[in-house]
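Trainee: You'll find data_2.pdb just under this line, and it carries PDB, C-alpha atoms.
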MODEL        1
ATOM      1  CA  MET M  69       0.469 -43.139  -2.473
ATOM      2  CA  SER M  70       0.744 -42.355  -6.155
ATOM      3  CA  ASP M  71       3.789 -42.255  -8.395
ATOM      4  CA  GLU M  72       2.591 -39.231 -10.395
ATOM      5  CA  ASP M  73       4.703 -36.101 -10.754
ATOM      6  CA  HIS M  74       3.220 -33.053  -9.089
ATOM      7  CA  THR M  75       3.503 -29.594 -10.607
ATOM      8  CA  PHE M  76       3.042 -26.542  -8.425
ATOM      9  CA  GLU M  77       2.148 -23.211 -10.010
ATOM     10  CA  SER M  78       3.347 -20.869  -7.274
ATOM     11  CA  THR M  79       6.538 -21.026  -5.267
ATOM     12  CA  ASP M  80       5.803 -18.751  -2.312
ATOM     13  CA  ALA M  81       5.939 -20.080   1.215
ATOM     14  CA  GLY M  82       2.169 -19.852   1.527
ATOM     15  CA  ALA M  83       2.555 -16.616   3.476
ATOM     16  CA  SER M  84      -0.554 -14.493   3.727
ATOM     17  CA  SER M  85      -0.506 -10.808   2.848
ATOM     18  CA  THR M  86      -2.485 -10.041   6.045
ATOM     19  CA  PHE M  87      -2.606 -11.025   9.706
ATOM     20  CA  PRO M  88      -5.496 -10.837  12.216
ATOM     21  CA  GLN M  89      -5.783  -8.171  14.915
ATOM     22  CA  GLN M  90      -8.654  -7.346  17.271
ATOM     23  CA  ALA M  91     -10.710  -4.326  16.210
ATOM     24  CA  GLY M  92     -10.313  -2.859  19.705
ATOM     25  CA  GLU M  93      -6.531  -2.740  19.222
ATOM     26  CA  ILE M  94      -6.635  -0.697  16.004
ATOM     27  CA  ARG M  95      -5.214   2.795  16.616
ATOM     28  CA  LYS M  96      -4.957   5.960  14.571
ATOM     29  CA  GLY M  97      -2.098   5.506  12.070
ATOM     30  CA  SER M  98      -2.261   1.702  12.010
ATOM     31  CA  HIS M  99      -3.065  -0.251   8.850
ATOM     32  CA  LEU M 100      -6.096  -2.492   8.276
ATOM     33  CA  MET M 101      -8.168  -4.032   5.483
ATOM     34  CA  ILE M 102     -11.599  -2.545   4.728
ATOM     35  CA  LYS M 103     -13.671  -4.025   1.892
ATOM     36  CA  GLY M 104     -10.591  -5.901   0.654
ATOM     37  CA  ARG M 105      -8.416  -2.764   0.368
ATOM     38  CA  PRO M 106      -5.311  -1.929   2.441
ATOM     39  CA  CYS M 107      -6.069   1.247   4.419
ATOM     40  CA  LYS M 108      -4.455   3.510   7.007
ATOM     41  CA  CYS M 109      -6.646   4.395   9.975
ATOM     42  CA  ILE M 110      -7.278   8.135  10.446
ATOM     43  CA  GLU M 111      -9.936   7.953  13.162
ATOM     44  CA  VAL M 112     -11.182   5.375  15.694
ATOM     45  CA  SER M 113     -14.017   5.749  18.158
ATOM     46  CA  THR M 114     -15.501   3.077  20.380
ATOM     47  CA  SER M 115     -19.036   2.926  21.739
ATOM     48  CA  LYS M 116     -19.986   1.464  25.097
ATOM     49  CA  THR M 117     -21.340  -2.037  25.418
ATOM     50  CA  GLY M 118     -25.037  -1.982  24.659
ATOM     51  CA  LYS M 119     -27.977  -4.052  25.722
ATOM     52  CA  HIS M 120     -26.632  -7.057  23.815
ATOM     53  CA  GLY M 121     -23.118  -6.812  25.118
ATOM     54  CA  HIS M 122     -20.635  -5.824  22.398
ATOM     55  CA  ALA M 123     -18.628  -2.599  22.375
ATOM     56  CA  LYS M 124     -18.323  -1.364  18.798
ATOM     57  CA  ALA M 125     -15.373   0.260  17.044
ATOM     58  CA  HIS M 126     -16.134   2.879  14.397
ATOM     59  CA  ILE M 127     -13.105   3.069  12.092
ATOM     60  CA  VAL M 128     -12.469   5.689   9.401
ATOM     61  CA  ALA M 129      -9.533   4.944   7.110
ATOM     62  CA  LEU M 130      -7.966   6.010   3.799
ATOM     63  CA  ASP M 131      -6.896   3.553   1.078
ATOM     64  CA  ILE M 132      -3.070   3.656   1.043
ATOM     65  CA  PHE M 133      -2.970   3.460  -2.769
ATOM     66  CA  THR M 134      -5.982   5.512  -3.963
ATOM     67  CA  GLY M 135      -6.622   7.824  -1.007
ATOM     68  CA  LYS M 136     -10.314   6.816  -1.018
ATOM     69  CA  LYS M 137     -12.096   7.069   2.338
ATOM     70  CA  TYR M 138     -13.608   3.928   3.891
ATOM     71  CA  GLU M 139     -15.607   3.414   7.090
ATOM     72  CA  ASP M 140     -16.176   0.266   9.098
ATOM     73  CA  LEU M 141     -18.251  -0.523  12.193
ATOM     74  CA  CYS M 142     -17.547  -3.767  14.010
ATOM     75  CA  PRO M 143     -17.460  -5.258  17.536
ATOM     76  CA  THR M 144     -14.132  -4.552  19.290
ATOM     77  CA  SER M 145     -13.731  -8.253  20.097
ATOM     78  CA  HIS M 146     -13.825  -9.284  16.418
ATOM     79  CA  ASN M 147     -10.672  -9.772  14.386
ATOM     80  CA  LEU M 148      -9.813  -7.527  11.446
ATOM     81  CA  ASP M 149      -7.251  -8.270   8.747
ATOM     82  CA  VAL M 150      -4.128  -6.103   8.923
ATOM     83  CA  PRO M 151      -1.975  -5.968   5.769
ATOM     84  CA  PHE M 152       1.798  -6.342   5.847
ATOM     85  CA  VAL M 153       2.909  -2.940   4.520
ATOM     86  CA  LYS M 154       6.492  -2.649   3.309
ATOM     87  CA  ARG M 155       8.389   0.485   2.320
ATOM     88  CA  THR M 156      11.438   0.145   0.082
ATOM     89  CA  GLU M 157      13.779   2.763  -1.365
ATOM     90  CA  TYR M 158      15.013   2.537  -4.957
ATOM     91  CA  GLN M 159      17.173   4.826  -7.089
ATOM     92  CA  VAL M 160      15.433   6.098 -10.228
ATOM     93  CA  LEU M 161      17.291   5.477 -13.504
ATOM     94  CA  SER M 162      14.697   6.892 -15.890
ATOM     95  CA  ALA M 163      11.062   7.921 -16.109
ATOM     96  CA  ASP M 164       8.917   8.423 -19.214
ATOM     97  CA  GLU M 165       6.322  11.155 -18.762
ATOM     98  CA  ASP M 166       4.257   9.993 -21.785
ATOM     99  CA  THR M 167       3.940   6.263 -20.993
ATOM    100  CA  GLY M 168       4.327   6.693 -17.224
ATOM    101  CA  GLU M 169       6.951   3.943 -17.012
ATOM    102  CA  VAL M 170       9.664   4.221 -14.372
ATOM    103  CA  SER M 171      12.981   2.307 -14.309
ATOM    104  CA  LEU M 172      14.347   1.680 -10.828
ATOM    105  CA  LEU M 173      17.610   0.228  -9.540
ATOM    106  CA  LYS M 174      17.320  -2.414  -6.815
ATOM    107  CA  GLU M 175      19.951  -2.768  -4.087
ATOM    108  CA  GLY M 176      21.503  -5.816  -5.760
ATOM    109  CA  GLY M 177      22.008  -3.906  -9.022
ATOM    110  CA  ASP M 178      18.996  -5.484 -10.769
ATOM    111  CA  LEU M 179      16.444  -3.424 -12.687
ATOM    112  CA  LYS M 180      12.834  -3.023 -11.565
ATOM    113  CA  ASP M 181      10.652  -1.995 -14.514
ATOM    114  CA  ASP M 182       7.151  -2.926 -13.343
ATOM    115  CA  LEU M 183       6.188   0.404 -11.735
ATOM    116  CA  ASN M 184       4.543   3.506 -13.188
ATOM    117  CA  LEU M 185       4.462   7.142 -12.139
ATOM    118  CA  PRO M 186       1.897   7.717  -9.354
ATOM    119  CA  THR M 187      -0.242   9.748 -11.796
ATOM    120  CA  VAL M 188      -0.808   6.601 -13.920
ATOM    121  CA  VAL M 189      -3.708   5.004 -12.035
ATOM    122  CA  THR M 190      -5.860   2.005 -12.928
ATOM    123  CA  VAL M 191      -8.795   2.986 -10.692
ATOM    124  CA  GLY M 192     -10.213   6.509 -10.303
ATOM    125  CA  GLU M 193      -8.271   9.753 -10.570
ATOM    126  CA  PRO M 194      -4.722  10.494  -9.354
ATOM    127  CA  THR M 195      -4.683  12.511  -6.104
ATOM    128  CA  ASP M 196      -2.966  15.896  -5.732
ATOM    129  CA  GLU M 197      -0.226  14.099  -3.769
ATOM    130  CA  ASP M 198       0.291  11.697  -6.732
ATOM    131  CA  LYS M 199       0.674  14.652  -9.105
ATOM    132  CA  LYS M 200       3.141  16.376  -6.751
ATOM    133  CA  VAL M 201       5.277  13.221  -6.374
ATOM    134  CA  SER M 202       5.331  12.625 -10.163
ATOM    135  CA  ALA M 203       6.265  16.246 -10.916
ATOM    136  CA  GLU M 204       9.047  16.167  -8.290
ATOM    137  CA  LEU M 205      10.426  12.887  -9.700
ATOM    138  CA  LEU M 206      10.453  14.125 -13.316
ATOM    139  CA  GLN M 207      11.908  17.532 -12.372
ATOM    140  CA  GLY M 208      14.703  15.888 -10.370
ATOM    141  CA  LEU M 209      15.653  13.715 -13.361
ATOM    142  CA  LEU M 210      15.546  16.744 -15.712
ATOM    143  CA  ASP M 211      17.917  18.626 -13.405
ATOM    144  CA  GLY M 212      20.336  15.687 -13.536
ATOM    145  CA  LYS M 213      20.121  15.059  -9.790
ATOM    146  CA  THR M 214      20.066  11.706  -7.954
ATOM    147  CA  VAL M 215      16.442  10.733  -7.394
ATOM    148  CA  VAL M 216      15.445   8.107  -4.820
ATOM    149  CA  VAL M 217      11.826   6.977  -4.469
ATOM    150  CA  VAL M 218      10.035   5.289  -1.580
ATOM    151  CA  VAL M 219       7.821   2.451  -2.818
ATOM    152  CA  GLN M 220       5.029   1.240  -0.562
ATOM    153  CA  SER M 221       3.804  -2.300  -1.128
ATOM    154  CA  ALA M 222       0.935  -4.304   0.365
ATOM    155  CA  CYS M 223      -1.350  -7.078  -0.885
ATOM    156  CA  ASN M 224       0.512  -7.538  -4.209
ATOM    157  CA  GLU M 225       0.186  -3.823  -5.047
ATOM    158  CA  GLU M 226       2.991  -1.291  -5.223
ATOM    159  CA  LYS M 227       3.092   2.479  -5.556
ATOM    160  CA  ILE M 228       5.676   5.263  -5.469
ATOM    161  CA  ILE M 229       4.642   7.415  -2.499
ATOM    162  CA  GLN M 230       7.635   9.667  -1.863
ATOM    163  CA  VAL M 231      10.564  11.227  -3.733
ATOM    164  CA  LYS M 232      13.935  12.279  -2.316
ATOM    165  CA  VAL M 233      16.136  14.405  -4.583
ATOM    166  CA  SER M 234      19.824  14.912  -3.823
ATOM    167  CA  ASP M 235      22.768  16.360  -5.739
TER     168      ASP M 235
ENDMDL
END
For this file, produce the structure as structure tokens.
Mentor:
Amino acid sequence: MSDEDHTFESTDAGASSTFPQQAGEIRKGSHLMIKGRPCKCIEVSTSKTGKHGHAKAHIVALDIFTGKKYEDLCPTSHNLDVPFVKRTEYQVLSADEDTGEVSLLKEGGDLKDDLNLPTVVTVGEPTDEDKKVSAELLQGLLDGKTVVVVVQSACNEEKIIQVKVSD
């Protein structure tokens, strides 16, 4: 045993951002990781067991943040990583169309300033859905209405995916 002081950089509980699930149990609409990206399954087909004994699952899925299409082929008995996907609602305080910054109000009354409009993307081009959500958010604020956004988070990434405007 040593008498040295230990310093720990992170303070999470060591929780993983994914959990294992058998490929044969993946269904349309469920989430999974393909090539390190969190995706939502849009199509699953399984092939019969072949000469060497493994039934295969052919999975087609869309990245939940970029909308990019991914495909995966693996034995149904193998485990796949499934991301923990969380959806949270926040009230929008302000949004800057030029910089893309969005100010949100958390439930406890704290500010959340680390999100951008969906049209501000780091990889690739914004999808039509991203443009629609951003336009709806900005228009709602211009009209002086109460704007609530749904933020989807998985694997240390977050994105505004839905807007609800009320008077």
Trainee: Enumerate, as JSON, numbers by chain, the residues matched when the PyMOL selection byres ((chain M and resi 151) around 7) is run on the file above.
Mentor: {"M": [85, 86, 87, 99, 100, 101, 106, 149, 150, 152, 153, 222, 223]}
Trainee: Could you work out an axis-aligned box for segment 148-162 of chain M, taking every atom the file lists and adding 3 Å on each side, and report centre and edge lengths in Å to one decimal, as lines of an AutoDock Vina configuration file?
Mentor:
center_x = 3.7
center_y = -0.7
center_z = -2.2
size_x = 33.1
size_y = 21.2
size_z = 33.3
Trainee: Would you mind listing what lies within 9 Å of segment 132-139 of chain M as a ChimeraX atom specification, with only C-alpha atoms counted and same-chain residues fewer than 2 positions away left out?
Mentor: /M:99,102-103,105-108,126-130,141,189,191-195,220,222,225-227,229
Trainee: Quick one: apply the PyMOL selection byres ((chain M and resi 145) around 9) to the file and drop the selected residues here as a VMD selection string.
Mentor: chain M and resid 90 to 92 122 to 124 142 to 144 146 to 147
Trainee: Using all atoms listed in the file, pick whichever of M:Ile228, M:Ile94, M:Val160, M:Val216 has the shortest atom-to-atom distance to Lys200 of chain M.
Mentor: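 Nearest to Lys200 of chain M: M:Ile228.
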Trainee: Give me segment 104-138 of chain M with N, CA and C atoms filled in, as a short mmCIF file (atom, residue, chain, number, x, y, z; two decimals), in the frame of the given file.
Mentor:
data_model
loop_
_atom_site.label_atom_id
_atom_site.label_comp_id
_atom_site.auth_asym_id
_atom_site.auth_seq_id
_atom_site.Cartn_x
_atom_site.Cartn_y
_atom_site.Cartn_z
N GLY M 104 -11.64 -5.30 1.48
CA GLY M 104 -10.59 -5.90 0.65
C GLY M 104 -9.49 -4.97 0.21
N ARG M 105 -9.45 -3.73 0.75
CA ARG M 105 -8.42 -2.76 0.37
C ARG M 105 -7.52 -2.44 1.56
N PRO M 106 -6.19 -2.33 1.35
CA PRO M 106 -5.31 -1.93 2.44
C PRO M 106 -5.51 -0.45 2.75
N CYS M 107 -5.78 -0.13 4.02
CA CYS M 107 -6.07 1.25 4.42
C CYS M 107 -5.24 1.65 5.63
N LYS M 108 -5.11 2.97 5.82
CA LYS M 108 -4.46 3.51 7.01
C LYS M 108 -5.52 4.22 7.83
N CYS M 109 -5.62 3.85 9.09
CA CYS M 109 -6.65 4.39 9.98
C CYS M 109 -6.39 5.87 10.28
N ILE M 110 -7.43 6.72 10.12
CA ILE M 110 -7.28 8.14 10.45
C ILE M 110 -8.13 8.52 11.65
N GLU M 111 -9.07 7.64 12.03
CA GLU M 111 -9.94 7.95 13.16
C GLU M 111 -10.55 6.67 13.71
N VAL M 112 -10.55 6.52 15.04
CA VAL M 112 -11.18 5.38 15.69
C VAL M 112 -11.99 5.88 16.86
N SER M 113 -13.24 5.44 16.96
CA SER M 113 -14.02 5.75 18.16
C SER M 113 -14.73 4.47 18.58
N THR M 114 -14.82 4.27 19.89
CA THR M 114 -15.50 3.08 20.38
C THR M 114 -16.74 3.49 21.15
N SER M 115 -17.79 2.68 21.00
CA SER M 115 -19.04 2.93 21.74
C SER M 115 -19.08 1.96 22.92
N LYS M 116 -19.87 2.33 23.92
CA LYS M 116 -19.99 1.46 25.10
C LYS M 116 -20.74 0.19 24.75
N THR M 117 -20.59 -0.80 25.62
CA THR M 117 -21.34 -2.04 25.42
C THR M 117 -22.82 -1.73 25.56
N GLY M 118 -23.60 -2.25 24.66
CA GLY M 118 -25.04 -1.98 24.66
C GLY M 118 -25.81 -3.07 25.38
N LYS M 119 -27.06 -3.10 25.10
CA LYS M 119 -27.98 -4.05 25.72
C LYS M 119 -27.54 -5.49 25.42
N HIS M 120 -27.00 -5.70 24.23
CA HIS M 120 -26.63 -7.06 23.82
C HIS M 120 -25.14 -7.34 23.96
N GLY M 121 -24.43 -6.45 24.65
CA GLY M 121 -23.12 -6.81 25.12
C GLY M 121 -21.86 -6.62 24.30
N HIS M 122 -21.89 -6.01 23.13
CA HIS M 122 -20.64 -5.82 22.40
C HIS M 122 -20.32 -4.34 22.26
N ALA M 123 -19.09 -3.96 22.66
CA ALA M 123 -18.63 -2.60 22.38
C ALA M 123 -18.29 -2.57 20.89
N LYS M 124 -18.58 -1.46 20.24
CA LYS M 124 -18.32 -1.36 18.80
C LYS M 124 -17.20 -0.37 18.53
N ALA M 125 -16.41 -0.67 17.49
CA ALA M 125 -15.37 0.26 17.04
C ALA M 125 -15.82 0.86 15.72
N HIS M 126 -15.83 2.19 15.65
CA HIS M 126 -16.13 2.88 14.40
C HIS M 126 -14.81 3.36 13.83
N ILE M 127 -14.42 2.79 12.67
CA ILE M 127 -13.10 3.07 12.09
C ILE M 127 -13.25 3.83 10.78
N VAL M 128 -12.52 4.93 10.65
CA VAL M 128 -12.47 5.69 9.40
C VAL M 128 -11.04 5.57 8.90
N ALA M 129 -10.88 5.16 7.64
CA ALA M 129 -9.53 4.94 7.11
C ALA M 129 -9.45 5.37 5.65
N LEU M 130 -8.21 5.64 5.20
CA LEU M 130 -7.97 6.01 3.80
C LEU M 130 -7.20 4.89 3.11
N ASP M 131 -7.60 4.55 1.89
CA ASP M 131 -6.90 3.55 1.08
C ASP M 131 -5.47 4.06 0.86
N ILE M 132 -4.46 3.20 1.14
CA ILE M 132 -3.07 3.66 1.04
C ILE M 132 -2.60 3.83 -0.40
N PHE M 133 -3.37 3.31 -1.37
CA PHE M 133 -2.97 3.46 -2.77
C PHE M 133 -3.81 4.50 -3.52
N THR M 134 -5.12 4.59 -3.22
CA THR M 134 -5.98 5.51 -3.96
C THR M 134 -6.38 6.74 -3.16
N GLY M 135 -6.22 6.69 -1.84
CA GLY M 135 -6.62 7.82 -1.01
C GLY M 135 -8.12 7.86 -0.74
N LYS M 136 -8.86 6.85 -1.20
CA LYS M 136 -10.31 6.82 -1.02
C LYS M 136 -10.65 6.54 0.45
N LYS M 137 -11.71 7.19 0.93
CA LYS M 137 -12.10 7.07 2.34
C LYS M 137 -13.04 5.88 2.53
N TYR M 138 -12.75 5.07 3.55
CA TYR M 138 -13.61 3.93 3.89
C TYR M 138 -13.99 4.01 5.37
#
